[in-house]
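Here the structure is laid out as structure tokens; the discussion comes afterwards.
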Amino acid sequence: MASSAAWLTFLALSLLAFPCAMAKKTYIVQMKEQSVPGTFNTSLDWYSANLQSLAPGVANILYVYSEAFHGYAVSLELHQAEALRSSDTVLGVYEDIMYHLHTTRTPSFLKVEDEFGLWPGTGNPAKETDQTFPEVIIGLIDTGVFPESKSFEDSGFPEVPARWKGKCVKGPDFDPQLCNKKLIGAYFYAKGYIEALEGNMTEVQTPRDHDGHGTHTSSTAAGSPVANASLLGSARGIARGMAPHARVASYKVCWVNGCTSSDILAAMDQAIKDGVDVISLSLGGGDGAYYETTIAIGAFTAMEKGIFVSASAGNEGPQLGTLSNGAPWIMTVGASSLDRNFPAHALLGNKMRFAGESMCGGPGMGKKLVGLVYNKGNESSLCLPGSLDRRVVRGKVVLCDRGINARFEKGVVVRDAGGVGMILVNTAEDGEELLADCHLIPTVHLGAKAGIVIREYAKTDRNPTALVITSAQEVNVRPTPVVAAFSSRGPYFQSVQILKPDVIGPGVNILASWPDYVSPTELPIDKRSVQFNIISGTSMSCPHVSGVAALFKAAHPTWSTSAIKSALMTTAYAHDNTRKPITDAADGTPTSPWGLGAGHIDPRKALSPGLVYDLTADDYVAFVCSLNYTIKQVQSTVRRTNVTCSTKLSDPGQLNYPSFSVLFGPNRKVVRYSREVTNVGDAGSVYKVAVQAPSTVAVRVKPRRLVFGKVGEKQRYTVTFVARNKTDETHGGSITWKNRQHRVRSPVGFLWGES
């Protein structure tokens, strides 16, 4: 389903292995953390000497990693990689893999227009007299940046903070002078990518964004306010990021064919070294175990250094178990809809009318119905390039099934064959999810149910006719939010005892900045120039959370990254604006915890969560030790060579996480977990527990009342889950501690295993 859209391809797309025919491949070599021997001046000298002794004849090292990872990337033959694996100085050798991208109203929808009054001029009188800027820097690892965008203007910004160690590097089409007090860092990384293409890279090596994705995510997270922003007149308003006073650093790692893990790790290494406060990753793939997933390893180091890491869950939904970036020290973000639609309708000759979505499409079709064409059972039903017969299509509306090629490309195929309009319908796999694309001809996108009816009409009526009608945008749409069908679902099989995703955020039809030299569809035939574009994906929901995390870094500078995550999770809401459980766009039913996580972020409530579930790096080490890894594999994951796992959790689910994932089985019908909460509310706070669970599960909480005498005090509680009957993953529950001021809700997901 996600593959049918160019932007739903992170816009977490599938993981690709490099061709087996390559004699050499790039490997990431993790060295044991130790001081450089005195006989060597640098880590590079030491690594090179060590490499030559174990694998003579190896060419130059591509990258040396020092912050996110201890080691290097190098091109090796298989036998050389095996030789390194046998060395006592080496923790691990991992084959470089290819990841892919997961692709105005949101500040008001999330109620962060004033940034909580944290910056001068945003509503806090104290800040008006005390012109102190909370300095927060967001590092975005993506496709680069369009520095000329108004979203990166620095009017009113103070000087770049002295603690910043980053810079902007030169490219053939990128002058470092384009950076300013807002855009303070710009890099590019392509060494691993070039090796993956066997040296056949034709793209310009530059920090500049030639795709649009990186500019879109950067401006979503922290774009400066831009008045009168729109996509060819649609979604007009003030475009601003979640944290418009935050600084932006761009680390380009993604190119036309993807992003290699060696390049991503180099960017994470640099971002940590530069001094970012938040790392935002709108990319992903098929993760392996934690000890062989470099993003997870790099994110662990970032977490240890107090850097908040958020990442997109992926766009492989609605199937279960498709989620990326699920390490518990990463904030994993799913996608949901906004309270804004771009309505369009299909009117048939039999008077039936179907409501859908679309944008752009030119001047329209007028008011006259024309012939409707649909060819079932061949490529023309999918409107693939070259599949339509101009003699049949000319002057008519074409019914196209979603799938295989990009949605807007189908419209180009129809137009080139002489068609005057398109009705794009979902298949059963896509369900009822609708996306507003900027089409070149009048188009309406409809759900699977409407598709069944229209296909039957086109097949049985002697003279089927249709008219496509587009309208102005609608706001305050109900119900909202809805979990996007494309949003990847848990469980995360590397650790099913941790409920993932963590939260959902706006990721459908998101307006943000765009390079004016990249068309809104990115099709060569599309010559339109825009400064803003509307796209969808968990790639879009991730930077929303990254920007909100930056606000929290400013509001609560002493909080740990896990405390910020806890606040966002326990205050998230699980009901839509009709006060009913949030539903799934795939089928309209209430979504499960594996799609919803804790719920939709509510930044204002999260600012004062009452209680938080805090975690230290040592807690995460104890978690990794409970995963049945070898000591060497644990050391690789947490980048600590002195770890012996003398302290570990009795069960991975005992991690002090703000949610619960309960795995039952024929021989495991009772599960007991403990949690510790810290009072960040008022002294003297008292909380009582409320439990929600399906009828198949009994839940007991002890104690049922928590009393906190002072701020910062910690209290523990234990939850016992008992399976009365076999459970299924669609029904979840919650544990909520509440008083008059706060509701601290932890979602519970249930799974039934084989044993």
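Identifiers for the structure tokens are assigned positionally: chains receive A, B, ... in sequence, residues are indexed from 1 per chain, and ligands are indexed from 1 in the order shown.
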field: Gly665 of chain A surroundings by only C-alpha atoms, 12 Å radius, close-in-sequence under 5 positions cut, as a ChimeraX atom specification
entry: /A:670-671,722-728,750-755
Keeping only all heavy atoms, take the residues you just selected and write them out as a tab-separated table (two decimals), in the first residue's frame.
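Generated file (selection-v4.tsv):
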```
chain	number	residue	atom	x	y	z
A	670	VAL	N	0.10	-15.73	33.76
A	670	VAL	CA	0.22	-14.68	34.77
A	670	VAL	C	1.50	-13.91	34.51
A	670	VAL	O	2.59	-14.50	34.43
A	670	VAL	CB	0.24	-15.27	36.20
A	670	VAL	CG1	0.41	-14.14	37.23
A	670	VAL	CG2	-1.03	-16.06	36.48
A	671	VAL	N	1.39	-12.59	34.34
A	671	VAL	CA	2.53	-11.72	34.11
A	671	VAL	C	2.50	-10.61	35.13
A	671	VAL	O	1.47	-9.95	35.31
A	671	VAL	CB	2.52	-11.14	32.67
A	671	VAL	CG1	3.69	-10.20	32.48
A	671	VAL	CG2	2.55	-12.26	31.64
A	722	VAL	N	-3.55	-11.35	34.53
A	722	VAL	CA	-3.93	-12.76	34.51
A	722	VAL	C	-4.84	-13.00	33.31
A	722	VAL	O	-5.88	-12.36	33.15
A	722	VAL	CB	-4.66	-13.17	35.80
A	722	VAL	CG1	-5.02	-14.66	35.76
A	722	VAL	CG2	-3.81	-12.86	37.02
A	723	ALA	N	-4.41	-13.94	32.44
A	723	ALA	CA	-5.21	-14.27	31.25
A	723	ALA	C	-6.35	-15.21	31.64
A	723	ALA	O	-6.11	-16.34	32.07
A	723	ALA	CB	-4.32	-14.91	30.20
A	724	ARG	N	-7.58	-14.74	31.50
A	724	ARG	CA	-8.73	-15.60	31.74
A	724	ARG	C	-9.01	-16.50	30.55
A	724	ARG	O	-9.40	-17.66	30.68
A	724	ARG	CB	-9.97	-14.73	32.01
A	724	ARG	CG	-9.92	-13.99	33.34
A	724	ARG	CD	-11.06	-13.00	33.42
A	724	ARG	NE	-11.20	-12.43	34.76
A	724	ARG	CZ	-11.73	-11.24	35.00
A	724	ARG	NH1	-12.18	-10.50	33.98
A	724	ARG	NH2	-11.83	-10.79	36.23
A	725	ASN	N	-8.83	-15.94	29.37
A	725	ASN	CA	-8.98	-16.67	28.12
A	725	ASN	C	-7.91	-16.18	27.16
A	725	ASN	O	-7.18	-15.22	27.44
A	725	ASN	CB	-10.37	-16.43	27.50
A	725	ASN	CG	-11.49	-17.01	28.35
A	725	ASN	OD1	-11.55	-18.22	28.53
A	725	ASN	ND2	-12.35	-16.15	28.87
A	726	LYS	N	-7.82	-16.81	26.02
A	726	LYS	CA	-6.85	-16.38	25.01
A	726	LYS	C	-7.18	-14.97	24.55
A	726	LYS	O	-8.32	-14.66	24.22
A	726	LYS	CB	-6.86	-17.35	23.83
A	726	LYS	CG	-5.76	-17.05	22.80
A	726	LYS	CD	-5.71	-18.11	21.72
A	726	LYS	CE	-4.60	-17.81	20.73
A	726	LYS	NZ	-4.49	-18.84	19.66
A	727	THR	N	-6.18	-14.11	24.56
A	727	THR	CA	-6.37	-12.72	24.17
A	727	THR	C	-5.91	-12.51	22.73
A	727	THR	O	-5.22	-13.34	22.16
A	727	THR	CB	-5.56	-11.79	25.09
A	727	THR	OG1	-4.18	-12.15	25.01
A	727	THR	CG2	-6.02	-11.91	26.53
A	728	ASP	N	-6.29	-11.39	22.15
A	728	ASP	CA	-5.77	-11.03	20.83
A	728	ASP	C	-5.25	-9.60	20.88
A	728	ASP	O	-5.57	-8.83	21.78
A	728	ASP	CB	-6.83	-11.20	19.74
A	728	ASP	CG	-7.95	-10.19	19.86
A	728	ASP	OD1	-7.73	-9.03	19.50
A	728	ASP	OD2	-9.05	-10.58	20.33
A	750	PHE	N	-1.66	-6.38	24.63
A	750	PHE	CA	-1.64	-7.81	24.95
A	750	PHE	C	-1.31	-8.62	23.71
A	750	PHE	O	-1.82	-8.35	22.61
A	750	PHE	CB	-3.00	-8.25	25.51
A	750	PHE	CG	-3.38	-7.57	26.80
A	750	PHE	CD1	-4.33	-6.54	26.79
A	750	PHE	CD2	-2.79	-7.92	28.00
A	750	PHE	CE1	-4.69	-5.90	27.97
A	750	PHE	CE2	-3.14	-7.29	29.18
A	750	PHE	CZ	-4.09	-6.27	29.17
A	751	LEU	N	-0.48	-9.64	23.91
A	751	LEU	CA	-0.12	-10.57	22.84
A	751	LEU	C	-0.24	-11.99	23.37
A	751	LEU	O	-0.08	-12.24	24.57
A	751	LEU	CB	1.32	-10.34	22.36
A	751	LEU	CG	1.64	-9.01	21.66
A	751	LEU	CD1	3.15	-8.88	21.49
A	751	LEU	CD2	0.95	-8.94	20.31
A	752	TRP	N	-0.51	-12.93	22.48
A	752	TRP	CA	-0.57	-14.34	22.85
A	752	TRP	C	0.47	-15.08	22.03
A	752	TRP	O	0.41	-15.11	20.81
A	752	TRP	CB	-1.96	-14.91	22.59
A	752	TRP	CG	-2.13	-16.31	23.13
A	752	TRP	CD1	-1.82	-17.47	22.49
A	752	TRP	CD2	-2.63	-16.68	24.42
A	752	TRP	NE1	-2.08	-18.55	23.30
A	752	TRP	CE2	-2.59	-18.10	24.49
A	752	TRP	CE3	-3.11	-15.97	25.51
A	752	TRP	CZ2	-3.01	-18.80	25.62
A	752	TRP	CZ3	-3.53	-16.67	26.63
A	752	TRP	CH2	-3.48	-18.06	26.68
A	753	GLY	N	1.47	-15.64	22.73
A	753	GLY	CA	2.55	-16.33	22.05
A	753	GLY	C	2.31	-17.82	21.95
A	753	GLY	O	1.29	-18.35	22.41
A	754	GLU	N	3.28	-18.51	21.35
A	754	GLU	CA	3.16	-19.95	21.13
A	754	GLU	C	3.47	-20.75	22.38
A	754	GLU	O	3.07	-21.90	22.51
A	754	GLU	CB	4.11	-20.39	20.01
A	754	GLU	CG	3.77	-19.80	18.65
A	754	GLU	CD	2.42	-20.25	18.14
A	754	GLU	OE1	2.05	-21.42	18.39
A	754	GLU	OE2	1.73	-19.44	17.51
A	755	SER	N	4.25	-20.16	23.29
A	755	SER	CA	4.64	-20.93	24.48
A	755	SER	C	4.56	-20.07	25.72
A	755	SER	O	4.27	-18.90	25.65
A	755	SER	CB	6.06	-21.46	24.31
A	755	SER	OG	6.97	-20.39	24.11
```
message: Which residues are near Val638 of chain A? Cut-off 7 Å, only C-alpha atoms, ignore same chain within fewer than 5 positions. Put them as a list in words.
response: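 Surrounding residues, per the criterion: Ile297, Phe300 and Val621 of chain A.
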Would you write out, as a Markdown table, a table of all residues in segment 560-654 of chain A that have an atom no more than 9 Å from an atom of segment 492-512 of chain A, listing for each the closest atom pair and the distance in Å to one decimal, considering only C-alpha atoms and ordering rows by chain and rising residue number?
```
| residue | atom | partner | partner_atom | distance |
| --- | --- | --- | --- | --- |
| A:Lys565 | CA | A:Asp502 | CA | 8.5 |
| A:Leu568 | CA | A:Val503 | CA | 7.9 |
| A:Met569 | CA | A:Val503 | CA | 6.4 |
| A:Ala572 | CA | A:Val503 | CA | 7.4 |
| A:Pro593 | CA | A:Leu499 | CA | 7.7 |
| A:Trp594 | CA | A:Lys500 | CA | 6.2 |
| A:Gly595 | CA | A:Pro501 | CA | 6.7 |
| A:Leu596 | CA | A:Ile504 | CA | 6.2 |
| A:Gly597 | CA | A:Asp502 | CA | 4.7 |
| A:Ala598 | CA | A:Val503 | CA | 5.2 |
| A:Gly599 | CA | A:Val503 | CA | 5.2 |
| A:His600 | CA | A:Ile504 | CA | 4.8 |
| A:Ile601 | CA | A:Gly505 | CA | 6.1 |
| A:Leu627 | CA | A:Ser495 | CA | 7.7 |
| A:Asp651 | CA | A:Gln497 | CA | 8.3 |
| A:Pro652 | CA | A:Gln497 | CA | 6.0 |
| A:Gly653 | CA | A:Gln497 | CA | 4.7 |
| A:Gln654 | CA | A:Gln497 | CA | 8.5 |
```
message: Among segment 162-259 of chain A, which ones does DSSP assign to strand (DSSP E or B) (computed from the backbone)? Answer as a PyMOL selection string.
response: chain A and resi 168+171+174+183-188+208+226-231+234-239+247-252+255+258-259
Keeping only N, CA and C atoms, write the selected residues as a PDB file, in the first residue's frame.
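Result file is result_20.pdb:
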```pdb
ATOM      1  N   CYS A 168      28.926  24.760   8.602  1.00  0.00           N
ATOM      2  CA  CYS A 168      28.318  24.485   7.304  1.00  0.00           C
ATOM      3  C   CYS A 168      29.445  24.237   6.307  1.00  0.00           C
ATOM      4  N   GLY A 171      29.641  22.977  -0.848  1.00  0.00           N
ATOM      5  CA  GLY A 171      29.288  22.060  -1.919  1.00  0.00           C
ATOM      6  C   GLY A 171      29.308  22.815  -3.229  1.00  0.00           C
ATOM      7  N   PHE A 174      26.429  24.948  -2.941  1.00  0.00           N
ATOM      8  CA  PHE A 174      26.089  25.350  -1.573  1.00  0.00           C
ATOM      9  C   PHE A 174      27.230  26.171  -0.982  1.00  0.00           C
ATOM     10  N   LEU A 183      19.858  28.531  10.666  1.00  0.00           N
ATOM     11  CA  LEU A 183      20.441  27.329  10.077  1.00  0.00           C
ATOM     12  C   LEU A 183      21.931  27.362  10.376  1.00  0.00           C
ATOM     13  N   ILE A 184      22.352  26.594  11.392  1.00  0.00           N
ATOM     14  CA  ILE A 184      23.721  26.755  11.902  1.00  0.00           C
ATOM     15  C   ILE A 184      24.633  25.580  11.554  1.00  0.00           C
ATOM     16  N   GLY A 185      24.104  24.597  10.864  1.00  0.00           N
ATOM     17  CA  GLY A 185      24.931  23.470  10.474  1.00  0.00           C
ATOM     18  C   GLY A 185      24.412  22.833   9.202  1.00  0.00           C
ATOM     19  N   ALA A 186      25.307  22.422   8.307  1.00  0.00           N
ATOM     20  CA  ALA A 186      24.903  21.753   7.069  1.00  0.00           C
ATOM     21  C   ALA A 186      26.059  20.885   6.588  1.00  0.00           C
ATOM     22  N   TYR A 187      25.800  19.587   6.502  1.00  0.00           N
ATOM     23  CA  TYR A 187      26.816  18.615   6.098  1.00  0.00           C
ATOM     24  C   TYR A 187      26.232  17.678   5.043  1.00  0.00           C
ATOM     25  N   PHE A 188      27.112  16.891   4.432  1.00  0.00           N
ATOM     26  CA  PHE A 188      26.639  15.789   3.590  1.00  0.00           C
ATOM     27  C   PHE A 188      27.571  14.592   3.769  1.00  0.00           C
ATOM     28  N   ARG A 208      22.959  20.679  -0.054  1.00  0.00           N
ATOM     29  CA  ARG A 208      21.692  21.179  -0.594  1.00  0.00           C
ATOM     30  C   ARG A 208      20.702  20.042  -0.811  1.00  0.00           C
ATOM     31  N   VAL A 226       6.166  31.787   8.463  1.00  0.00           N
ATOM     32  CA  VAL A 226       6.072  32.349   7.112  1.00  0.00           C
ATOM     33  C   VAL A 226       4.601  32.625   6.835  1.00  0.00           C
ATOM     34  N   ALA A 227       4.259  33.887   6.606  1.00  0.00           N
ATOM     35  CA  ALA A 227       2.868  34.268   6.357  1.00  0.00           C
ATOM     36  C   ALA A 227       2.441  33.899   4.941  1.00  0.00           C
ATOM     37  N   ASN A 228       1.150  33.666   4.791  1.00  0.00           N
ATOM     38  CA  ASN A 228       0.543  33.431   3.479  1.00  0.00           C
ATOM     39  C   ASN A 228       1.156  32.233   2.756  1.00  0.00           C
ATOM     40  N   ALA A 229       1.526  31.208   3.511  1.00  0.00           N
ATOM     41  CA  ALA A 229       2.079  29.992   2.909  1.00  0.00           C
ATOM     42  C   ALA A 229       0.957  29.125   2.369  1.00  0.00           C
ATOM     43  N   SER A 230       1.206  28.458   1.245  1.00  0.00           N
ATOM     44  CA  SER A 230       0.205  27.546   0.672  1.00  0.00           C
ATOM     45  C   SER A 230       0.873  26.688  -0.385  1.00  0.00           C
ATOM     46  N   LEU A 231       0.166  25.667  -0.803  1.00  0.00           N
ATOM     47  CA  LEU A 231       0.559  24.875  -1.967  1.00  0.00           C
ATOM     48  C   LEU A 231      -0.391  25.219  -3.097  1.00  0.00           C
ATOM     49  N   SER A 234      -3.705  26.077  -1.835  1.00  0.00           N
ATOM     50  CA  SER A 234      -4.315  25.175  -0.856  1.00  0.00           C
ATOM     51  C   SER A 234      -3.605  25.282   0.485  1.00  0.00           C
ATOM     52  N   ALA A 235      -4.383  25.117   1.575  1.00  0.00           N
ATOM     53  CA  ALA A 235      -3.863  25.128   2.951  1.00  0.00           C
ATOM     54  C   ALA A 235      -3.211  26.457   3.295  1.00  0.00           C
ATOM     55  N   ARG A 236      -3.791  27.547   2.815  1.00  0.00           N
ATOM     56  CA  ARG A 236      -3.189  28.862   3.023  1.00  0.00           C
ATOM     57  C   ARG A 236      -3.224  29.265   4.489  1.00  0.00           C
ATOM     58  N   GLY A 237      -2.140  29.855   4.960  1.00  0.00           N
ATOM     59  CA  GLY A 237      -2.059  30.324   6.339  1.00  0.00           C
ATOM     60  C   GLY A 237      -0.620  30.599   6.715  1.00  0.00           C
ATOM     61  N   ILE A 238      -0.362  30.729   8.014  1.00  0.00           N
ATOM     62  CA  ILE A 238       0.994  30.931   8.510  1.00  0.00           C
ATOM     63  C   ILE A 238       1.631  29.563   8.733  1.00  0.00           C
ATOM     64  N   ALA A 239       2.730  29.307   8.050  1.00  0.00           N
ATOM     65  CA  ALA A 239       3.462  28.055   8.237  1.00  0.00           C
ATOM     66  C   ALA A 239       4.567  28.287   9.253  1.00  0.00           C
ATOM     67  N   ARG A 247      17.260  26.290  16.820  1.00  0.00           N
ATOM     68  CA  ARG A 247      18.220  26.299  15.716  1.00  0.00           C
ATOM     69  C   ARG A 247      18.131  24.966  14.957  1.00  0.00           C
ATOM     70  N   VAL A 248      18.604  24.991  13.708  1.00  0.00           N
ATOM     71  CA  VAL A 248      18.536  23.814  12.851  1.00  0.00           C
ATOM     72  C   VAL A 248      19.928  23.462  12.348  1.00  0.00           C
ATOM     73  N   ALA A 249      20.262  22.170  12.424  1.00  0.00           N
ATOM     74  CA  ALA A 249      21.475  21.649  11.794  1.00  0.00           C
ATOM     75  C   ALA A 249      21.064  20.499  10.891  1.00  0.00           C
ATOM     76  N   SER A 250      21.516  20.541   9.646  1.00  0.00           N
ATOM     77  CA  SER A 250      21.114  19.558   8.640  1.00  0.00           C
ATOM     78  C   SER A 250      22.275  18.619   8.318  1.00  0.00           C
ATOM     79  N   TYR A 251      22.001  17.325   8.348  1.00  0.00           N
ATOM     80  CA  TYR A 251      23.003  16.299   8.051  1.00  0.00           C
ATOM     81  C   TYR A 251      22.460  15.437   6.913  1.00  0.00           C
ATOM     82  N   LYS A 252      22.951  15.672   5.709  1.00  0.00           N
ATOM     83  CA  LYS A 252      22.417  14.983   4.530  1.00  0.00           C
ATOM     84  C   LYS A 252      23.050  13.603   4.387  1.00  0.00           C
ATOM     85  N   TRP A 255      20.081   9.894  -0.490  1.00  0.00           N
ATOM     86  CA  TRP A 255      20.245  10.259  -1.884  1.00  0.00           C
ATOM     87  C   TRP A 255      19.153   9.569  -2.694  1.00  0.00           C
ATOM     88  N   GLY A 258      18.616   5.911  -1.631  1.00  0.00           N
ATOM     89  CA  GLY A 258      18.502   5.583  -0.219  1.00  0.00           C
ATOM     90  C   GLY A 258      19.609   6.183   0.616  1.00  0.00           C
ATOM     91  N   CYS A 259      19.792   5.605   1.807  1.00  0.00           N
ATOM     92  CA  CYS A 259      20.723   6.129   2.798  1.00  0.00           C
ATOM     93  C   CYS A 259      21.431   4.942   3.453  1.00  0.00           C
TER      94      CYS A 259
END
```
- request: If you run DSSP over the backbone, which residues in segment 459-599 of chain A end up alpha helix (DSSP H)? Put them as a PyMOL selection string.
  value: chain A and resi 459-460+538-555+561-570+593-596
Take the selection from the previous step and output its residues with N, CA, C and O atoms, as a compact mmCIF listing (two decimals), in the first residue's frame.
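So part-v1.txt came out as:
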```
# COMPACT_ATOMS: atom_id res chain seq x y z
N LYS A 459 -18.57 -1.43 -14.98
CA LYS A 459 -18.63 -2.73 -15.65
C LYS A 459 -20.02 -3.04 -16.21
O LYS A 459 -20.15 -3.63 -17.29
N THR A 460 -21.08 -2.63 -15.50
CA THR A 460 -22.43 -3.07 -15.85
C THR A 460 -23.25 -2.03 -16.61
O THR A 460 -24.19 -2.39 -17.32
N THR A 538 5.09 8.79 8.04
CA THR A 538 5.61 8.93 9.41
C THR A 538 6.85 9.82 9.41
O THR A 538 7.26 10.31 10.46
N SER A 539 7.44 10.05 8.25
CA SER A 539 8.49 11.06 8.11
C SER A 539 8.01 12.43 8.55
O SER A 539 8.78 13.25 9.03
N MET A 540 6.72 12.69 8.36
CA MET A 540 6.15 13.98 8.72
C MET A 540 5.77 14.04 10.20
O MET A 540 5.88 15.08 10.84
N SER A 541 5.33 12.92 10.76
CA SER A 541 4.95 12.92 12.18
C SER A 541 6.17 13.00 13.08
O SER A 541 6.12 13.64 14.14
N CYS A 542 7.28 12.39 12.67
CA CYS A 542 8.49 12.40 13.49
C CYS A 542 8.98 13.81 13.82
O CYS A 542 9.22 14.13 14.99
N PRO A 543 9.15 14.71 12.84
CA PRO A 543 9.66 16.05 13.18
C PRO A 543 8.69 16.88 14.03
O PRO A 543 9.12 17.81 14.71
N HIS A 544 7.39 16.55 13.98
CA HIS A 544 6.48 17.21 14.92
C HIS A 544 6.90 16.92 16.35
O HIS A 544 6.98 17.81 17.20
N VAL A 545 7.17 15.65 16.62
CA VAL A 545 7.59 15.26 17.97
C VAL A 545 8.99 15.80 18.28
O VAL A 545 9.26 16.22 19.41
N SER A 546 9.86 15.81 17.29
CA SER A 546 11.21 16.36 17.50
C SER A 546 11.13 17.82 17.92
O SER A 546 11.84 18.27 18.83
N GLY A 547 10.27 18.58 17.24
CA GLY A 547 10.11 19.99 17.58
C GLY A 547 9.52 20.18 18.96
O GLY A 547 9.95 21.05 19.73
N VAL A 548 8.52 19.37 19.29
CA VAL A 548 7.92 19.46 20.63
C VAL A 548 8.95 19.08 21.69
O VAL A 548 9.02 19.71 22.76
N ALA A 549 9.79 18.07 21.41
CA ALA A 549 10.84 17.70 22.36
C ALA A 549 11.81 18.86 22.58
O ALA A 549 12.30 19.06 23.70
N ALA A 550 12.07 19.64 21.53
CA ALA A 550 12.93 20.81 21.68
C ALA A 550 12.29 21.82 22.63
O ALA A 550 12.98 22.43 23.46
N LEU A 551 10.98 22.01 22.52
CA LEU A 551 10.29 22.90 23.46
C LEU A 551 10.45 22.40 24.90
O LEU A 551 10.65 23.19 25.83
N PHE A 552 10.37 21.09 25.07
CA PHE A 552 10.50 20.53 26.41
C PHE A 552 11.93 20.65 26.92
O PHE A 552 12.14 20.80 28.13
N LYS A 553 12.90 20.56 26.03
CA LYS A 553 14.28 20.78 26.43
C LYS A 553 14.47 22.19 26.98
O LYS A 553 15.25 22.42 27.91
N ALA A 554 13.73 23.13 26.39
CA ALA A 554 13.80 24.51 26.87
C ALA A 554 13.01 24.70 28.17
O ALA A 554 13.44 25.39 29.08
N ALA A 555 11.84 24.05 28.24
CA ALA A 555 10.98 24.22 29.42
C ALA A 555 11.51 23.48 30.63
O ALA A 555 11.37 23.95 31.76
N THR A 561 16.04 12.55 28.98
CA THR A 561 15.28 12.27 27.75
C THR A 561 14.13 11.31 28.03
O THR A 561 13.07 11.42 27.41
N SER A 562 14.31 10.38 28.97
CA SER A 562 13.23 9.44 29.29
C SER A 562 12.10 10.13 30.03
O SER A 562 10.93 9.76 29.87
N ALA A 563 12.41 11.16 30.81
CA ALA A 563 11.35 11.92 31.49
C ALA A 563 10.52 12.69 30.47
O ALA A 563 9.29 12.77 30.58
N ILE A 564 11.17 13.28 29.47
CA ILE A 564 10.44 13.99 28.42
C ILE A 564 9.57 13.01 27.65
O ILE A 564 8.39 13.28 27.37
N LYS A 565 10.12 11.86 27.31
CA LYS A 565 9.34 10.85 26.61
C LYS A 565 8.14 10.41 27.44
O LYS A 565 7.02 10.30 26.94
N SER A 566 8.36 10.19 28.72
CA SER A 566 7.29 9.78 29.62
C SER A 566 6.17 10.82 29.64
O SER A 566 4.99 10.49 29.57
N ALA A 567 6.55 12.10 29.74
CA ALA A 567 5.54 13.16 29.79
C ALA A 567 4.69 13.17 28.53
O ALA A 567 3.46 13.32 28.58
N LEU A 568 5.33 13.00 27.38
CA LEU A 568 4.60 13.00 26.11
C LEU A 568 3.70 11.77 25.99
O LEU A 568 2.60 11.84 25.42
N MET A 569 4.14 10.64 26.55
CA MET A 569 3.36 9.41 26.43
C MET A 569 2.18 9.38 27.41
O MET A 569 1.06 9.05 27.03
N THR A 570 2.42 9.71 28.65
CA THR A 570 1.37 9.53 29.67
C THR A 570 0.27 10.58 29.60
O THR A 570 -0.77 10.42 30.22
N PRO A 593 -3.39 -0.83 20.47
CA PRO A 593 -2.19 -0.16 20.99
C PRO A 593 -0.99 -0.30 20.07
O PRO A 593 -0.07 0.52 20.14
N TRP A 594 -0.99 -1.30 19.20
CA TRP A 594 0.15 -1.51 18.32
C TRP A 594 0.17 -0.52 17.16
O TRP A 594 1.18 -0.41 16.45
N GLY A 595 -0.92 0.21 16.96
CA GLY A 595 -0.93 1.29 15.99
C GLY A 595 -0.96 2.65 16.66
O GLY A 595 -0.42 3.62 16.13
N LEU A 596 -1.56 2.70 17.83
CA LEU A 596 -1.78 3.96 18.54
C LEU A 596 -0.66 4.30 19.51
O LEU A 596 -0.39 5.48 19.76
```
task: Could you give me, as a PyMOL selection string, the residues within 8 Å of Thr26 of chain A, counting only C-alpha atoms and dropping anything in the same chain fewer than 5 positions from it?
output: chain A and resi 73-76+95-96+192+195-196
Using only C-alpha atoms, find each residue of segment 443-502 of chain A with at least one atom at most 10 Å away from an atom of segment 339-362 of chain A; report its shortest atom-to-atom pair and that distance in Å (one decimal), sort the rows by chain and rising residue number, and return the result as a tab-separated table.
```
residue	atom	partner	partner_atom	distance
A:Thr443	CA	A:Ser358	CA	6.1
A:Val444	CA	A:Ser358	CA	5.3
A:His445	CA	A:Glu357	CA	5.3
A:Leu446	CA	A:Gly356	CA	4.9
A:Gly447	CA	A:Gly356	CA	7.5
A:Ala450	CA	A:Phe354	CA	6.9
A:Gly451	CA	A:Phe354	CA	9.6
A:Val453	CA	A:Met352	CA	9.6
A:Ile454	CA	A:Leu348	CA	8.3
A:Tyr457	CA	A:Asn350	CA	8.5
A:Ala458	CA	A:Leu348	CA	9.5
A:Asp461	CA	A:Asn350	CA	9.0
A:Asn463	CA	A:Gly349	CA	8.5
A:Pro464	CA	A:Gly349	CA	6.3
A:Thr465	CA	A:Gly349	CA	4.9
A:Ala466	CA	A:Leu348	CA	4.4
A:Leu467	CA	A:Leu347	CA	5.1
A:Val468	CA	A:Ala346	CA	4.9
A:Ile469	CA	A:His345	CA	5.1
A:Thr470	CA	A:Ala344	CA	4.2
A:Ser471	CA	A:Pro343	CA	5.6
A:Ala472	CA	A:Phe342	CA	6.5
A:Gln473	CA	A:Phe342	CA	4.5
A:Glu474	CA	A:Asn341	CA	5.1
A:Val475	CA	A:Arg340	CA	4.3
A:Asn476	CA	A:Asp339	CA	5.0
A:Val477	CA	A:Asp339	CA	4.6
A:Arg478	CA	A:Asp339	CA	6.9
A:Pro479	CA	A:Asp339	CA	7.8
A:Thr480	CA	A:Asp339	CA	5.5
A:Pro481	CA	A:Asp339	CA	6.8
A:Val482	CA	A:Asp339	CA	9.4
```
